[in-house]
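Enquirer: The file below is upload38.cif, mmCIF, C-alpha atoms:
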```cif
data_upload
loop_
_atom_site.label_atom_id
_atom_site.label_comp_id
_atom_site.auth_asym_id
_atom_site.auth_seq_id
_atom_site.Cartn_x
_atom_site.Cartn_y
_atom_site.Cartn_z
CA VAL A 1285 113.06 116.59 94.65
CA GLN A 1286 116.29 115.20 93.33
CA LEU A 1287 119.47 113.84 94.82
CA VAL A 1288 122.08 113.00 92.22
CA GLU A 1289 125.30 111.25 93.19
CA SER A 1290 128.49 111.24 91.18
CA GLY A 1291 132.14 110.39 91.57
CA GLY A 1292 131.98 106.64 91.88
CA GLY A 1293 134.27 104.36 89.95
CA SER A 1294 136.92 101.67 90.18
CA VAL A 1295 140.06 102.15 92.22
CA GLN A 1296 142.84 100.01 93.61
CA ALA A 1297 143.10 99.29 97.31
CA GLY A 1298 144.73 102.19 99.10
CA GLY A 1299 143.36 104.69 96.62
CA SER A 1300 140.90 107.52 97.05
CA LEU A 1301 137.61 108.66 95.64
CA ARG A 1302 135.45 111.70 96.24
CA LEU A 1303 131.72 111.27 95.94
CA SER A 1304 129.35 114.17 95.45
CA CYS A 1305 125.61 114.55 95.77
CA GLU A 1306 123.68 117.46 94.36
CA GLY A 1307 120.31 118.18 95.94
CA SER A 1308 117.41 120.18 94.53
CA GLY A 1309 113.74 120.76 95.15
CA TYR A 1310 113.88 120.88 98.94
CA PRO A 1311 115.53 123.00 101.64
CA PHE A 1312 118.90 121.23 101.57
CA SER A 1313 120.45 123.27 104.37
CA ARG A 1314 117.69 122.31 106.78
CA TYR A 1315 118.12 118.58 106.29
CA CYS A 1316 120.38 116.08 107.94
CA MET A 1317 122.38 114.67 105.04
CA GLY A 1318 124.11 111.35 105.00
CA TRP A 1319 125.73 108.56 103.06
CA PHE A 1320 124.76 104.90 103.00
CA ARG A 1321 126.18 101.98 101.10
CA GLN A 1322 124.90 98.62 100.04
CA VAL A 1323 126.33 95.46 98.60
CA PRO A 1324 124.20 92.83 96.84
CA GLY A 1325 122.38 90.59 99.28
CA LYS A 1326 122.81 92.92 102.25
CA GLY A 1327 120.89 95.82 103.69
CA ARG A 1328 121.95 99.42 103.41
CA GLU A 1329 124.71 100.34 105.80
CA TRP A 1330 125.01 103.76 107.31
CA VAL A 1331 128.33 105.39 106.45
CA GLY A 1332 128.06 108.84 107.95
CA THR A 1333 126.02 111.95 108.56
CA ILE A 1334 126.39 115.70 108.58
CA ASP A 1335 123.81 117.75 110.44
CA THR A 1336 122.46 121.21 109.71
CA GLU A 1337 125.25 122.78 111.79
CA GLY A 1338 127.95 120.89 109.97
CA MET A 1339 128.66 118.38 112.71
CA THR A 1340 129.67 115.04 111.31
CA SER A 1341 129.68 111.46 112.47
CA VAL A 1342 130.88 108.39 110.62
CA ALA A 1343 130.70 104.66 111.12
CA ASP A 1344 133.55 103.03 112.99
CA SER A 1345 134.44 101.02 109.90
CA VAL A 1346 135.36 104.19 107.99
CA LYS A 1347 136.53 106.44 110.81
CA GLY A 1348 139.82 108.09 110.02
CA ARG A 1349 139.48 107.31 106.30
CA PHE A 1350 136.20 108.92 105.20
CA THR A 1351 135.22 112.55 105.62
CA ILE A 1352 131.81 114.10 105.04
CA SER A 1353 131.34 117.72 104.05
CA LYS A 1354 128.70 119.88 102.45
CA ASP A 1355 128.21 123.21 100.77
CA ASP A 1356 124.77 124.57 101.56
CA GLY A 1357 125.14 127.35 99.02
CA LYS A 1358 125.63 124.82 96.27
CA GLN A 1359 123.31 122.28 97.88
CA SER A 1360 126.00 119.68 97.58
CA LEU A 1361 127.18 116.88 99.82
CA HIS A 1362 130.55 115.18 99.58
CA LEU A 1363 132.23 112.05 100.80
CA GLN A 1364 136.01 111.96 100.65
CA MET A 1365 137.16 108.36 100.85
CA ASN A 1366 140.82 107.61 101.45
CA ASN A 1367 142.78 104.41 101.91
CA LEU A 1368 140.01 102.40 100.32
CA SER A 1369 139.79 98.65 100.79
CA PRO A 1370 137.79 96.01 98.89
CA GLU A 1371 135.36 95.96 101.83
CA ASP A 1372 134.36 99.50 100.90
CA SER A 1373 132.98 98.36 97.56
CA GLY A 1374 129.28 98.86 97.03
CA MET A 1375 126.59 101.20 95.83
CA TYR A 1376 126.79 104.48 97.66
CA TYR A 1377 123.65 106.52 98.25
CA CYS A 1378 123.14 109.98 99.61
CA ALA A 1379 120.02 110.61 101.65
CA GLY A 1380 118.24 113.44 103.38
CA ARG A 1381 116.46 113.23 106.73
CA THR A 1382 114.53 115.88 108.54
CA VAL A 1383 116.36 115.01 111.75
CA CYS A 1384 119.69 113.34 112.43
CA SER A 1385 118.29 110.43 114.36
CA ASP A 1386 118.49 106.69 113.92
CA HIS A 1387 114.74 106.66 114.54
CA VAL A 1388 114.01 108.84 111.53
CA LYS A 1389 114.22 107.25 108.13
CA PRO A 1390 115.56 109.25 105.22
CA ARG A 1391 112.88 111.11 103.32
CA TYR A 1392 114.91 111.46 100.12
CA TRP A 1393 117.35 109.12 98.40
CA GLY A 1394 119.64 109.43 95.45
CA GLN A 1395 119.94 106.78 92.76
CA GLY A 1396 123.38 105.66 93.92
CA THR A 1397 126.88 105.61 92.55
CA GLN A 1398 128.98 102.45 92.35
CA VAL A 1399 132.33 102.16 94.08
CA THR A 1400 134.55 99.19 93.29
CA VAL A 1401 137.84 98.63 95.08
CA SER A 1402 140.15 95.86 93.93
#
```
Let me see the structure of the file written as structure tokens.

Expert:
Amino acid sequence: VQLVESGGGSVQAGGSLRLSCEGSGYPFSRYCMGWFRQVPGKGREWVGTIDTEGMTSVADSVKGRFTISKDDGKQSLHLQMNNLSPEDSGMYYCAGRTVCSDHVKPRYWGQGTQVTVS
């Protein structure tokens, strides 16, 4: 099983980035996929989720700025981030859960991609 993120980088406040996550080795389309982020010294923060039907939900802190999408055929997950602020800086991880529930921990994690907003 592999989840590989890409698309991170450095951007100025107000800019945009598009993160991608390529999954392999498991039935991607049957998993609840999501994005988390983490800054040093803090726990991982949930950013958003897309379920097997394509329904999305995002954290209030990113609502209206971040959009989650996926392509089951390509087993890829995306996070479009617009109007970025320094508070959005951190390591971004994609993760796969068997069920979209706060009570179910992700089974699979990517290695993360760094986002830095200045």

Enquirer: Name the residues that the PyMOL selection byres ((chain A and resi 1342) around 10) picks from the file above, as a ChimeraX atom specification, using the file's chain letters and numbers.

Expert: /A:1318-1319,1330-1334,1340-1341,1343-1352

Enquirer: Which residues come within 9 Å of Thr1397 in chain A, counting only C-alpha atoms, excluding same-chain residues fewer than 5 positions away, as an mmCIF file with C-alpha atoms, keeping the file's coordinate frame?

Expert:
```cif
data_model
loop_
_atom_site.group_PDB
_atom_site.id
_atom_site.type_symbol
_atom_site.label_atom_id
_atom_site.label_comp_id
_atom_site.auth_asym_id
_atom_site.auth_seq_id
_atom_site.Cartn_x
_atom_site.Cartn_y
_atom_site.Cartn_z
ATOM 1 C CA VAL A 1288 122.080 113.000 92.220
ATOM 2 C CA GLU A 1289 125.300 111.250 93.190
ATOM 3 C CA SER A 1290 128.490 111.240 91.180
ATOM 4 C CA GLY A 1291 132.140 110.390 91.570
ATOM 5 C CA GLY A 1292 131.980 106.640 91.880
ATOM 6 C CA GLY A 1293 134.270 104.360 89.950
ATOM 7 C CA LEU A 1303 131.720 111.270 95.940
ATOM 8 C CA GLY A 1374 129.280 98.860 97.030
ATOM 9 C CA MET A 1375 126.590 101.200 95.830
ATOM 10 C CA TYR A 1376 126.790 104.480 97.660
ATOM 11 C CA TYR A 1377 123.650 106.520 98.250
#
```

Enquirer: Could you tell me which of A:Leu1368, A:Cys1384, A:Gly1307, A:Leu1301 comes closest to Leu1287 in chain A if we count only C-alpha atoms?

Expert: A:Gly1307

Enquirer: Out of A:Glu1306, A:Arg1321, A:Glu1329, A:Cys1378, which residue has the shortest atom-to-atom distance to Gly1394 in chain A when counting all atoms listed in the file?

Expert: A:Cys1378

Enquirer: Check which residues satisfy the PyMOL selection byres ((chain A and resi 1390) around 10) in the file shown, then give them as a PyMOL selection string.

Expert: chain A and resi 1315-1318+1378-1389+1391-1393

Enquirer: Can you spell out as a ChimeraX atom specification the set of residues that the PyMOL selection byres ((chain A and resi 1358-1360) around 7) selects in the structure I just provided?

Expert: /A:1304-1307,1312,1354-1357,1361-1362

Enquirer: CA of Thr1336 in chain A to CA of Ser1308 in chain A: how many Å, to one decimal?

Expert: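 Separation of CA of Thr1336 in chain A and CA of Ser1308 in chain A: 16.0 Å.
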
Enquirer: To one decimal place in Å, what is the distance between CA of Ser1300 in chain A and CA of Lys1326 in chain A?

Expert: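 Spanning CA of Ser1300 in chain A to CA of Lys1326 in chain A is a straight-line distance of 23.8 Å.
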
Enquirer: Report the distance between CA of Ala1297 in chain A and CA of Pro1370 in chain A in Å, rounded to one decimal place.

Expert: 6.4 Å

Enquirer: Just checking: using all atoms listed in the file, which residue out of A:Met1339, A:Gly1298, A:Ser1313, A:Phe1320 ends up closest to Gln1398 in chain A?

Expert: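 Distance minimum relative to Gln1398 in chain A lands on A:Phe1320.
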
Enquirer: Choose the residue, out of A:Ser1353, A:Gln1322, A:Ser1294, A:Asn1367, that has the smallest atom-to-atom separation from Gly1396 in chain A; count only C-alpha atoms.

Expert: A:Gln1322

Enquirer: Complete the atoms of range 1324-1342 of chain A to N, CA and C atoms and put them out as a PDB file, in the frame of the given file.

Expert:
```pdb
ATOM      1  N   PRO A1324     125.278  93.774  97.183  1.00  0.00           N
ATOM      2  CA  PRO A1324     124.200  92.830  96.840  1.00  0.00           C
ATOM      3  C   PRO A1324     123.975  91.805  97.948  1.00  0.00           C
ATOM      4  N   GLY A1325     122.727  91.591  98.291  1.00  0.00           N
ATOM      5  CA  GLY A1325     122.380  90.590  99.280  1.00  0.00           C
ATOM      6  C   GLY A1325     122.402  91.094 100.712  1.00  0.00           C
ATOM      7  N   LYS A1326     122.778  92.355 100.903  1.00  0.00           N
ATOM      8  CA  LYS A1326     122.810  92.920 102.250  1.00  0.00           C
ATOM      9  C   LYS A1326     122.006  94.211 102.309  1.00  0.00           C
ATOM     10  N   GLY A1327     121.628  94.588 103.500  1.00  0.00           N
ATOM     11  CA  GLY A1327     120.890  95.820 103.690  1.00  0.00           C
ATOM     12  C   GLY A1327     121.792  97.028 103.574  1.00  0.00           C
ATOM     13  N   ARG A1328     121.162  98.191 103.492  1.00  0.00           N
ATOM     14  CA  ARG A1328     121.950  99.420 103.410  1.00  0.00           C
ATOM     15  C   ARG A1328     122.641  99.687 104.741  1.00  0.00           C
ATOM     16  N   GLU A1329     123.885 100.073 104.622  1.00  0.00           N
ATOM     17  CA  GLU A1329     124.710 100.340 105.800  1.00  0.00           C
ATOM     18  C   GLU A1329     124.959 101.828 105.908  1.00  0.00           C
ATOM     19  N   TRP A1330     124.733 102.347 107.084  1.00  0.00           N
ATOM     20  CA  TRP A1330     125.010 103.760 107.310  1.00  0.00           C
ATOM     21  C   TRP A1330     126.515 104.013 107.288  1.00  0.00           C
ATOM     22  N   VAL A1331     126.923 105.034 106.545  1.00  0.00           N
ATOM     23  CA  VAL A1331     128.330 105.390 106.450  1.00  0.00           C
ATOM     24  C   VAL A1331     128.640 106.626 107.296  1.00  0.00           C
ATOM     25  N   GLY A1332     127.811 107.635 107.177  1.00  0.00           N
ATOM     26  CA  GLY A1332     128.060 108.840 107.950  1.00  0.00           C
ATOM     27  C   GLY A1332     127.001 109.890 107.710  1.00  0.00           C
ATOM     28  N   THR A1333     127.048 110.919 108.541  1.00  0.00           N
ATOM     29  CA  THR A1333     126.020 111.950 108.560  1.00  0.00           C
ATOM     30  C   THR A1333     126.644 113.313 108.827  1.00  0.00           C
ATOM     31  N   ILE A1334     126.036 114.331 108.243  1.00  0.00           N
ATOM     32  CA  ILE A1334     126.390 115.700 108.580  1.00  0.00           C
ATOM     33  C   ILE A1334     125.101 116.444 108.891  1.00  0.00           C
ATOM     34  N   ASP A1335     125.054 117.095 110.055  1.00  0.00           N
ATOM     35  CA  ASP A1335     123.810 117.750 110.440  1.00  0.00           C
ATOM     36  C   ASP A1335     123.753 119.180 109.904  1.00  0.00           C
ATOM     37  N   THR A1336     122.679 119.873 110.261  1.00  0.00           N
ATOM     38  CA  THR A1336     122.460 121.210 109.710  1.00  0.00           C
ATOM     39  C   THR A1336     123.518 122.212 110.179  1.00  0.00           C
ATOM     40  N   GLU A1337     124.188 121.902 111.287  1.00  0.00           N
ATOM     41  CA  GLU A1337     125.250 122.780 111.790  1.00  0.00           C
ATOM     42  C   GLU A1337     126.614 122.402 111.280  1.00  0.00           C
ATOM     43  N   GLY A1338     126.676 121.321 110.511  1.00  0.00           N
ATOM     44  CA  GLY A1338     127.950 120.890 109.970  1.00  0.00           C
ATOM     45  C   GLY A1338     128.680 119.870 110.822  1.00  0.00           C
ATOM     46  N   MET A1339     128.047 119.422 111.885  1.00  0.00           N
ATOM     47  CA  MET A1339     128.660 118.380 112.710  1.00  0.00           C
ATOM     48  C   MET A1339     128.539 117.044 112.000  1.00  0.00           C
ATOM     49  N   THR A1340     129.636 116.304 112.032  1.00  0.00           N
ATOM     50  CA  THR A1340     129.670 115.040 111.310  1.00  0.00           C
ATOM     51  C   THR A1340     129.860 113.850 112.257  1.00  0.00           C
ATOM     52  N   SER A1341     129.398 112.725 111.799  1.00  0.00           N
ATOM     53  CA  SER A1341     129.680 111.460 112.470  1.00  0.00           C
ATOM     54  C   SER A1341     129.772 110.394 111.392  1.00  0.00           C
ATOM     55  N   VAL A1342     130.681 109.458 111.600  1.00  0.00           N
ATOM     56  CA  VAL A1342     130.880 108.390 110.620  1.00  0.00           C
ATOM     57  C   VAL A1342     130.918 107.051 111.331  1.00  0.00           C
TER      58      VAL A1342
END
```
